[in-house]
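Peer 1: Starting off with a structure, shown below.
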Amino acid sequence: MIEFKEVSKTFQDGFKALKKITFKVEEGELLVLIGPSGSGKSTTMKMINRLIEPTNGVVEIEGKNIAKEDPVQLRRSIGYVIQHIGLLPHMTIKENVSLVPRLKKWKPEQYMDKVNELMEMVGLDPGTFGDRFPTELSGGQQQRIGVIRALAAEPKIILFDEPFSALDPISREQLQDELIRLQQEIRKTIVFVTHDMDEALKIADRICIMKDGEIVQLDRPENILRHPANEFVRNFIGEDRLNEIDNNDFSLPKLRKLVVAPVTALHFRGLAESLKLMRRKRVDSLVVVDNKDNFLGIATVWEVTKRYKEEELTLMDIMDSSVETLQVNDSSEKAVQLVSESKYGYVPVIEQGIIKGIVTRSSLVEYIAEKIGEVEEEA
């Protein structure tokens with residue numbers, strides 16, 4: 001799909017950013033480029049859409065030398081998600097998502113259904129969020145829009161340039177999970193630059209570790225963890241992560257690793273539309289928030305159906321506001337205790353009043369099952 005052949009880059013000041021690197025990204029693969037500052041990872045990625053041109057060597061996409069392609073048309077055919085999101089503040093969310101299809105002269109009937117479908121795919125109701133402006137969304141919501149904007153024109157290739165690094169840890173975890181789920185559905189060819197080894201290990205099909213403009217190791221996460229190529233790779237991975245492979249203990253991770261995304265609803269939502277949302281998301285309760293994502297309470301399907309005939313009621317009127325919550329820095333042991341006692345099967349996690357996710361019985365069970373699986377593999 002994407003192939004680098006003996007590619008080098010020397011900048012005008014004499015700095016050699018890349019030194020004859022050769023590798024291939026397979027179709028439908030998620031390849032992560034990682035390394036310390038100055039290793040050449042961002043330079044490598046930006047060569048794919050010709051934001052940076054090589055000094056020597058060839059970059060090919062589907063067997064064609066991209067140096068012979070029109071750079072504007074090339075960039076419009078490749079999705080691009082950046083760290084600072086880059087949503088246009090004067091455009092609505094739907095206008096932002098449909099930007100590239102409109103630049104490519106698609107007709108509205110071609111792209112509007114796609115925009116709605118993509119917003120639904122990342123849990124943002126187009127009827128609720130479509131006509132809002134970027135400043136009316138949280139950072140995590142804006143980054144979700146940044147991701148689906150890159151998907152709107154149905155590109156075969158998507159580039160991610162440290163897209164989640166500016167977000168808080170829980171939002172970052174949630175978006176990583178969202179990307180993994182999306183990739184299972186869409187199977188795009190993705191090149192993802194990060195400086196976070198935990199992120200790379202979590203999302204990658206293969207990881208390309210770079211140092212001083214060269215590829216030090218390119219392999220599946222499992223093989224990199226089990227067989228680091230050299231001392232630099234061992235140090236870059238970190239002894240803690242390598243020790244986890246050897247220890248195989250069942251100690252609980254930090255709370256943020258147990259947090260999953262909730263199904264939220266604004267407090268002024270009516271009961272009929274709330275019931276429809278629960279049916280669509282296949283949940284029996286909603287986490288109720290205000291328009292700044294402050295946690296207000298939990299509303300269950302039982303309470304909605306019981307008072308459904310009272311047409312003027314909103315979620316604010318029927319929700320349970322006396323819900324036990326966790327702070328993002330609380331211990332996982334406390335989370336286990338509260339979840340086991342919760343009548344909802346989950347506990348909201350908040351930071352300065354803002355909802356950051358929930359810890360569920362399922363997320364606890366999945367973690368334990370994953371650890372058991374790791375031990376069985378080692379055995």
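By order of appearance in the structure tokens: chains A, B, ..., then residues from 1 within every chain, and ligands from 1 in the order shown.
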Go through segment 34-153 of chain A residue by residue and, counting only C-alpha atoms, keep those with an atom at most 9 Å from segment 178-182 of chain A; for each kept residue give the shortest atom pair and its distance in Å to one decimal, ordered by chain and increasing number, as a tab-separated table.

Peer 2:
```
residue	atom	partner	partner_atom	distance
A:Met121	CA	A:Leu182	CA	8.0
A:Val122	CA	A:Glu178	CA	7.3
A:Arg144	CA	A:Glu178	CA	8.6
A:Val147	CA	A:Leu179	CA	8.6
```

Peer 1: Would you output that residue set with C-alpha atoms, as an mmCIF file, in the first residue's frame?

Peer 2:
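Listed below is the output, result33.cif:
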```
data_model
loop_
_atom_site.group_PDB
_atom_site.id
_atom_site.type_symbol
_atom_site.label_atom_id
_atom_site.label_comp_id
_atom_site.auth_asym_id
_atom_site.auth_seq_id
_atom_site.Cartn_x
_atom_site.Cartn_y
_atom_site.Cartn_z
ATOM 1 C CA MET A 121 -20.474 5.937 14.747
ATOM 2 C CA VAL A 122 -18.567 7.951 17.381
ATOM 3 C CA ARG A 144 -13.771 12.688 17.661
ATOM 4 C CA VAL A 147 -11.166 11.787 13.351
#
```

Peer 1: Name all residues at most 12 Å from segment 184-186 of chain A (count only C-alpha atoms; drop same-chain ones fewer than 3 positions away) and give them as a ChimeraX atom specification.

Peer 2: /A:27-30,118,121-122,148,151-152,154-158,177-181,189-190,203,205

Peer 1: Based on the selection just made, write C-alpha atoms of those residues as a CSV table (one decimal), in the first residue's frame.

Peer 2:
```csv
chain,number,residue,atom,x,y,z
A,27,GLU,CA,-3.3,-2.3,3.2
A,28,GLY,CA,-5.6,-2.2,6.2
A,29,GLU,CA,-2.7,-2.0,8.7
A,30,LEU,CA,-2.3,0.4,11.6
A,118,LEU,CA,-20.0,8.9,11.0
A,121,MET,CA,-20.5,5.9,14.7
A,122,VAL,CA,-18.6,8.0,17.4
A,148,ILE,CA,-14.4,11.4,11.4
A,151,LEU,CA,-13.0,9.6,7.2
A,152,ALA,CA,-15.7,11.7,5.4
A,154,GLU,CA,-13.6,7.8,2.3
A,155,PRO,CA,-9.8,7.9,1.9
A,156,LYS,CA,-7.8,4.7,1.8
A,157,ILE,CA,-5.1,6.2,3.9
A,158,ILE,CA,-5.3,8.2,7.1
A,177,ASP,CA,-10.6,2.6,22.4
A,178,GLU,CA,-12.8,4.4,19.9
A,179,LEU,CA,-10.0,4.2,17.2
A,180,ILE,CA,-9.5,0.5,17.8
A,181,ARG,CA,-13.3,-0.1,17.4
A,189,THR,CA,-4.4,2.0,6.2
A,190,ILE,CA,-3.3,4.1,9.1
A,203,ILE,CA,-3.5,0.4,19.1
A,205,ASP,CA,-0.7,-3.8,14.4
```

Peer 1: Would you mind listing what lies within 9 Å of Phe236 of chain A as JSON, numbers by chain, with only C-alpha atoms counted and same-chain residues fewer than 5 positions away left out?

Peer 2: {"A": [35, 36, 197, 209, 231]}

Peer 1: If you run DSSP on this backbone, which residues of segment 185-374 of chain A come out as strand (DSSP E or B), and could you give them as number ranges by chain?

Peer 2: A: 189-194, 206-211, 214-219, 259-260, 264-266, 270, 285-289, 294-300, 314, 320, 326-327, 346-351, 354-360

Peer 1: Work out how far apart atom CA of Lys107 of chain A and atom CA of Arg187 of chain A are and give it in Å to one decimal.

Peer 2: 25.4 Å

Peer 1: Using only C-alpha atoms for the distances, tell me which of A:Leu159, A:Met119, A:Leu175, A:Leu271 is nearest to Gly357 of chain A.

Peer 2: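 Closest to Gly357 of chain A, using only C-alpha atoms: A:Leu175.
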
Peer 1: I'd like the neighbourhood of Leu87 of chain A as a list in words, where a residue qualifies if any of its atoms comes within 8 Å (using only C-alpha atoms), though same-chain residues fewer than 5 positions away should be ignored.

Peer 2: Asn96, Pro134, Gln142 and Gly146 of chain A

Peer 1: Taking the backbone alone, and naming residues the way the document does, which bits of segment 26-166 of chain A are alpha helix (DSSP H) by DSSP, as a PyMOL selection string?

Peer 2: chain A and resi 41-48+71-76+93-97+99-103+108-121+126-129+139-151

Peer 1: Between A:Glu3, A:Asp290, A:Asp219, A:Glu199, which residue has the minimum interatomic distance to Ile354 of chain A, considering only C-alpha atoms?

Peer 2: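 When distances to Ile354 of chain A are compared using only C-alpha atoms, the smallest one comes from A:Asp290.
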